[in-house]
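Enquirer: For reference, the structure I am asking about is given below.
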Amino acid sequence: MVDHEAETPAGTAVVDAPATEGRSVIALSPADSVLARVRSGLPEFTGALQRVAEQVLADPSAAARATIVELAERSGTSPATVTRFCRAMGFEGYADLRLGIAAETGRARSAGWTIDIGREIQPGDPLDRVLGQIMAADTRAMHDTATLLDLREVERAAHAVAGASRVNIFGASGSALVGEELQFSLHRIGVPAWAWTDVHNGLASAALMRAGDVAMGISHSGQTRETIEMLAEAGSHGATTVALTSFPRSPLAELADIVLITATQATTFRPDALSARHPQLVVLDLLYIAVAQRTHDRAHAAFQRTAQAVDGHKAAKEVRHA
């Protein structure tokens, strides 16, 4: 049984102070997922601001209907704190926050994303209900990831990988499994890539990296010490560093040259670190395709050769089972 990566939320704590003090205001465009932004920024808040964020995430529909006084009462804070929270999230006031949440929850209901999200899976639940909850949570996480992901960062990462003489991928436990998927995909199109899970071997490989190489660290929380150490070692030798994480202000993200952000939607038996798996795979699949596009002729030839190399085994398997 895999000992999945047990990670805790990352980020630098922010005290209950004016939004312009101690943290940057989160810029939002109309297409941004408000709830995904709140979720990714939650670890940075402490005290009253954190209670407001938790209340919004606990019942977004109720928050969209509540007055500023009602939200303050439900979160055990004050209207002034709610206003500071709105400004920290990039809104001019509470009315804008309510509209943003209402629009998002309305889209989610129309798409069926809200079915059973947040509901605990009970031991006696039938599998059709469990399947519906998993699908709803994963669909929401994919949507939020697409909203949070900066495609310019993906472009930068793809350009760096496409021209790299060596790609090292670092991760621990569950994140290591995701890294191995990327390594396999890149290897099939002729990109020299290695996935490292042992910190000693990873550090030794990172120490041999140089300018023109690419190192990627994968960690949902961005706080996995071994992954941070390996990425830092690679960066100190001139390699371009890439972080894949759910927390843009985590230590891993702060260390990297390029940051790719994912979102999560936890369910019973699948905490954040586990529910991050599918969004991570989607982002890495996008990166892989982008690299293949930029190395089309080389990638196509390599893929054909690698496919032909295993064709004999596929044919032999078919004969044995005929």
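Residues in the structure tokens are named by chain (A, B, ... in the order shown) and by number from 1 within that chain; ligands are numbered from 1 in the order shown.
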I need the residues of range 34-235 of chain A that end up classed as strand (DSSP E) by DSSP on the backbone, written out as a ChimeraX atom specification.
Expert: /A:167-171,193-196,214-218
Enquirer: Name all residues at most 6 Å from range 228-238 of chain A (count only C-alpha atoms; drop same-chain ones fewer than 6 positions away) and give them as a JSON list (two decimals) with C-alpha atoms, in the first residue's frame.
Expert:
```json
[["chain", "number", "residue", "atom", "x", "y", "z"],
["A", 203, "LEU", "CA", 20.36, 15.57, -4.32],
["A", 206, "ALA", "CA", 20.57, 17.82, -8.68],
["A", 209, "MET", "CA", 22.65, 19.96, -13.09],
["A", 210, "ARG", "CA", 23.61, 23.13, -14.89],
["A", 211, "ALA", "CA", 22.18, 26.02, -16.89],
["A", 217, "GLY", "CA", 9.41, 19.87, -7.67],
["A", 252, "LEU", "CA", 8.46, 25.50, -2.80]]
```
Enquirer: Name the residues of range 30-186 of chain A that fall into helix (DSSP H, G or I) according to DSSP on the backbone, using the chain letters and numbers of this document, as a ChimeraX atom specification.
Expert: /A:34-44,47-58,60-65,68-75,79-88,94-111,127-148,151-162,174-186
Enquirer: Which neighbours of Thr145 in chain A fall inside 8 Å, counting only C-alpha atoms, when residues of the same chain fewer than 3 positions from it are skipped, and could you give them as a list in words?
Expert: Ala141, Met142, Leu148, Leu149, Ile261, Thr262, Ala263, Thr264 and Pro279 of chain A
Enquirer: Considering only C-alpha atoms, state which residue in the set A:Arg84, A:Arg294, A:Lys314, A:Arg129 is at the smallest distance from Leu49 in chain A.
Expert: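 With only C-alpha atoms as the atom set, the closest residue is A:Arg84.
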Enquirer: When you draw a straight line from CA of Pro192 in chain A to CA of Ser175 in chain A, how long is it in Å?
Expert: 20.0 Å
Enquirer: Find the residues around range 170-172 of chain A up to 12 Å (only C-alpha atoms counted), leave out those fewer than 4 positions away in its own chain, and share them as JSON, numbers by chain.
Expert: {"A": [2, 3, 4, 5, 6, 7, 176, 177, 178, 179, 180, 181, 182, 183, 193, 194, 195, 196, 197, 198, 199, 200, 201, 202, 203, 205, 206, 214, 215, 216, 217, 218, 219, 220, 221, 222, 223, 224, 225, 226, 227, 228, 229, 230, 231, 232, 233, 234, 241, 242, 243, 244, 245, 252, 273]}
Enquirer: May I ask which of the residues A:Ala36, A:Ile68, A:Ala62, A:Ala290 is the closest one to Thr81 in chain A, counting only C-alpha atoms?
Expert: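 Of all the options, A:Ile68 lies closest to Thr81 in chain A.
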Enquirer: What does the distance from CA of Thr147 in chain A to CA of Gly47 in chain A come to in Å, to one decimal?
Expert: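 CA of Gly47 in chain A lies 27.7 Å from CA of Thr147 in chain A.
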Enquirer: Check the smallest atom-to-atom distance from each of A:Val38, A:Leu260, A:Ala95, A:Ala64 to Leu287 in chain A using only C-alpha atoms, then report the winner.
Expert: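 Closest residue, counting only C-alpha atoms: A:Leu260.
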Enquirer: Need the shell around Ala72 in chain A: protein/DNA/RNA residues with any atom at most 10 Å away, counting only C-alpha atoms. Skip same-chain ones fewer than 6 positions apart. Format as a short mmCIF file (atom, residue, chain, number, x, y, z; two decimals) with N, CA, C and O atoms, in the first residue's frame?
Expert:
```
data_model
loop_
_atom_site.label_atom_id
_atom_site.label_comp_id
_atom_site.auth_asym_id
_atom_site.auth_seq_id
_atom_site.Cartn_x
_atom_site.Cartn_y
_atom_site.Cartn_z
N ALA A 48 -9.41 36.41 12.84
CA ALA A 48 -10.74 36.73 12.34
C ALA A 48 -10.84 36.58 10.82
O ALA A 48 -11.85 36.10 10.31
N ARG A 51 -11.44 33.04 9.96
CA ARG A 51 -12.79 32.59 10.26
C ARG A 51 -13.77 33.00 9.17
O ARG A 51 -14.70 32.26 8.84
N VAL A 52 -13.58 34.19 8.61
CA VAL A 52 -14.43 34.62 7.50
C VAL A 52 -14.22 33.71 6.29
O VAL A 52 -15.18 33.25 5.66
N GLN A 55 -15.86 30.34 6.82
CA GLN A 55 -17.32 30.41 6.73
C GLN A 55 -17.77 30.47 5.27
O GLN A 55 -18.74 29.82 4.88
N ALA A 66 -26.13 36.08 2.27
CA ALA A 66 -26.05 36.79 3.55
C ALA A 66 -25.70 38.25 3.38
O ALA A 66 -24.99 38.64 2.44
N SER A 78 -16.56 40.80 12.74
CA SER A 78 -17.26 42.06 12.63
C SER A 78 -17.39 42.45 11.16
O SER A 78 -16.63 41.95 10.31
N PRO A 79 -18.33 43.34 10.83
CA PRO A 79 -18.44 43.81 9.44
C PRO A 79 -17.14 44.43 8.92
O PRO A 79 -16.82 44.28 7.74
N ALA A 80 -16.39 45.08 9.80
CA ALA A 80 -15.12 45.67 9.38
C ALA A 80 -14.13 44.59 8.95
O ALA A 80 -13.38 44.76 7.98
N THR A 81 -14.13 43.46 9.66
CA THR A 81 -13.25 42.36 9.30
C THR A 81 -13.67 41.76 7.96
O THR A 81 -12.82 41.42 7.13
N VAL A 82 -14.97 41.61 7.75
CA VAL A 82 -15.46 41.10 6.46
C VAL A 82 -15.03 42.02 5.33
O VAL A 82 -14.62 41.56 4.26
N THR A 83 -15.09 43.30 5.56
CA THR A 83 -14.66 44.27 4.54
C THR A 83 -13.17 44.12 4.25
O THR A 83 -12.74 44.15 3.09
#
```
Enquirer: Mind giving me the straight-line distance from CA of Thr105 in chain A to CA of Arg152 in chain A in Å, one decimal?
Expert: 27.3 Å
Enquirer: Would you kindly return, as an NGL selection string, each protein, DNA or RNA residue with an atom no farther than 10 Å from any atom of Ala299 in chain A, considering only C-alpha atoms and excluding same-chain residues fewer than 2 positions away?
Expert: :A and (162 or 186-191 or 291-297 or 301-305)
Enquirer: Find the spatial neighbours of Leu35 in chain A, counting only C-alpha atoms, within a cut-off of 12 Å - ignore same-chain residues fewer than 4 positions away - and output them as a PyMOL selection string.
Expert: chain A and resi 28+31+39-42+53-61+63-64+89+97-98+100-105+108+140-141+143-145+147-148+263-265
Enquirer: Just the selected residues (N, CA and C atoms), exported as an mmCIF file, in the first residue's frame, please.
Expert:
```
data_model
loop_
_atom_site.group_PDB
_atom_site.id
_atom_site.type_symbol
_atom_site.label_atom_id
_atom_site.label_comp_id
_atom_site.auth_asym_id
_atom_site.auth_seq_id
_atom_site.Cartn_x
_atom_site.Cartn_y
_atom_site.Cartn_z
ATOM 1 N N LEU A 28 -8.087 39.703 -9.041
ATOM 2 C CA LEU A 28 -9.081 38.815 -9.617
ATOM 3 C C LEU A 28 -9.597 39.381 -10.930
ATOM 4 N N ALA A 31 -13.281 36.138 -14.688
ATOM 5 C CA ALA A 31 -13.357 34.697 -14.940
ATOM 6 C C ALA A 31 -12.774 33.874 -13.796
ATOM 7 N N ARG A 39 -9.725 29.343 -1.096
ATOM 8 C CA ARG A 39 -9.170 28.083 -0.601
ATOM 9 C C ARG A 39 -7.641 28.088 -0.644
ATOM 10 N N SER A 40 -7.074 28.585 -1.735
ATOM 11 C CA SER A 40 -5.617 28.597 -1.849
ATOM 12 C C SER A 40 -4.984 29.625 -0.917
ATOM 13 N N GLY A 41 -5.728 30.678 -0.584
ATOM 14 C CA GLY A 41 -5.191 31.709 0.305
ATOM 15 C C GLY A 41 -5.469 31.474 1.775
ATOM 16 N N LEU A 42 -6.300 30.464 2.078
ATOM 17 C CA LEU A 42 -6.716 30.221 3.464
ATOM 18 C C LEU A 42 -5.562 30.073 4.444
ATOM 19 N N ALA A 53 -12.963 33.428 5.972
ATOM 20 C CA ALA A 53 -12.661 32.554 4.832
ATOM 21 C C ALA A 53 -13.271 31.171 5.030
ATOM 22 N N GLU A 54 -13.140 30.620 6.225
ATOM 23 C CA GLU A 54 -13.681 29.289 6.506
ATOM 24 C C GLU A 54 -15.199 29.269 6.390
ATOM 25 N N GLN A 55 -15.862 30.343 6.819
ATOM 26 C CA GLN A 55 -17.315 30.410 6.727
ATOM 27 C C GLN A 55 -17.766 30.466 5.272
ATOM 28 N N VAL A 56 -17.048 31.220 4.445
ATOM 29 C CA VAL A 56 -17.375 31.314 3.019
ATOM 30 C C VAL A 56 -17.228 29.950 2.353
ATOM 31 N N LEU A 57 -16.162 29.246 2.682
ATOM 32 C CA LEU A 57 -15.921 27.938 2.066
ATOM 33 C C LEU A 57 -16.889 26.882 2.587
ATOM 34 N N ALA A 58 -17.293 27.000 3.853
ATOM 35 C CA ALA A 58 -18.180 26.003 4.444
ATOM 36 C C ALA A 58 -19.556 26.019 3.797
ATOM 37 N N ASP A 59 -20.047 27.207 3.433
ATOM 38 C CA ASP A 59 -21.388 27.310 2.826
ATOM 39 C C ASP A 59 -21.405 28.496 1.867
ATOM 40 N N PRO A 60 -20.855 28.322 0.655
ATOM 41 C CA PRO A 60 -20.782 29.438 -0.301
ATOM 42 C C PRO A 60 -22.154 30.004 -0.663
ATOM 43 N N SER A 61 -23.139 29.135 -0.823
ATOM 44 C CA SER A 61 -24.474 29.611 -1.194
ATOM 45 C C SER A 61 -25.050 30.526 -0.115
ATOM 46 N N ALA A 63 -23.290 32.271 2.017
ATOM 47 C CA ALA A 63 -22.499 33.503 2.007
ATOM 48 C C ALA A 63 -22.966 34.437 0.907
ATOM 49 N N ALA A 64 -23.359 33.869 -0.233
ATOM 50 C CA ALA A 64 -23.839 34.693 -1.348
ATOM 51 C C ALA A 64 -25.166 35.367 -1.027
ATOM 52 N N MET A 89 -9.083 39.886 -0.864
ATOM 53 C CA MET A 89 -9.378 39.002 -1.980
ATOM 54 C C MET A 89 -9.474 39.746 -3.309
ATOM 55 N N LEU A 97 -17.999 40.798 -3.632
ATOM 56 C CA LEU A 97 -17.706 39.425 -3.208
ATOM 57 C C LEU A 97 -18.954 38.558 -3.326
ATOM 58 N N ARG A 98 -20.094 39.050 -2.853
ATOM 59 C CA ARG A 98 -21.346 38.296 -2.933
ATOM 60 C C ARG A 98 -21.697 37.961 -4.374
ATOM 61 N N GLY A 100 -19.675 37.706 -6.910
ATOM 62 C CA GLY A 100 -18.722 36.732 -7.427
ATOM 63 C C GLY A 100 -19.045 35.317 -6.972
ATOM 64 N N ILE A 101 -19.367 35.169 -5.679
ATOM 65 C CA ILE A 101 -19.709 33.840 -5.153
ATOM 66 C C ILE A 101 -21.022 33.350 -5.743
ATOM 67 N N ALA A 102 -22.015 34.246 -5.855
ATOM 68 C CA ALA A 102 -23.316 33.854 -6.394
ATOM 69 C C ALA A 102 -23.198 33.380 -7.837
ATOM 70 N N ALA A 103 -22.406 34.097 -8.633
ATOM 71 C CA ALA A 103 -22.225 33.700 -10.030
ATOM 72 C C ALA A 103 -21.545 32.343 -10.120
ATOM 73 N N GLU A 104 -20.566 32.122 -9.251
ATOM 74 C CA GLU A 104 -19.823 30.857 -9.292
ATOM 75 C C GLU A 104 -20.678 29.683 -8.831
ATOM 76 N N THR A 105 -21.413 29.842 -7.746
ATOM 77 C CA THR A 105 -22.257 28.751 -7.271
ATOM 78 C C THR A 105 -23.391 28.478 -8.253
ATOM 79 N N ALA A 108 -21.918 26.390 -10.954
ATOM 80 C CA ALA A 108 -21.677 25.040 -10.443
ATOM 81 C C ALA A 108 -22.962 24.225 -10.391
ATOM 82 N N ARG A 140 -15.166 19.823 -10.061
ATOM 83 C CA ARG A 140 -14.977 21.158 -9.492
ATOM 84 C C ARG A 140 -13.487 21.481 -9.375
ATOM 85 N N ALA A 141 -12.692 20.506 -8.935
ATOM 86 C CA ALA A 141 -11.254 20.734 -8.791
ATOM 87 C C ALA A 141 -10.603 21.017 -10.145
ATOM 88 N N HIS A 143 -12.094 22.337 -12.778
ATOM 89 C CA HIS A 143 -12.532 23.677 -13.186
ATOM 90 C C HIS A 143 -11.733 24.759 -12.457
ATOM 91 N N ASP A 144 -11.565 24.579 -11.156
ATOM 92 C CA ASP A 144 -10.815 25.564 -10.381
ATOM 93 C C ASP A 144 -9.353 25.607 -10.809
ATOM 94 N N THR A 145 -8.785 24.453 -11.130
ATOM 95 C CA THR A 145 -7.399 24.410 -11.593
ATOM 96 C C THR A 145 -7.245 25.165 -12.900
ATOM 97 N N THR A 147 -8.974 27.583 -13.873
ATOM 98 C CA THR A 147 -9.115 29.009 -13.577
ATOM 99 C C THR A 147 -7.842 29.586 -12.964
ATOM 100 N N LEU A 148 -7.244 28.849 -12.036
ATOM 101 C CA LEU A 148 -6.069 29.339 -11.324
ATOM 102 C C LEU A 148 -4.791 29.258 -12.151
ATOM 103 N N ALA A 263 -5.738 23.189 -8.005
ATOM 104 C CA ALA A 263 -6.762 23.332 -6.972
ATOM 105 C C ALA A 263 -7.193 21.947 -6.511
ATOM 106 N N THR A 264 -7.796 21.873 -5.335
ATOM 107 C CA THR A 264 -8.258 20.594 -4.805
ATOM 108 C C THR A 264 -9.685 20.720 -4.307
ATOM 109 N N GLN A 265 -10.364 19.596 -4.178
ATOM 110 C CA GLN A 265 -11.686 19.531 -3.571
ATOM 111 C C GLN A 265 -11.744 18.230 -2.785
#
```
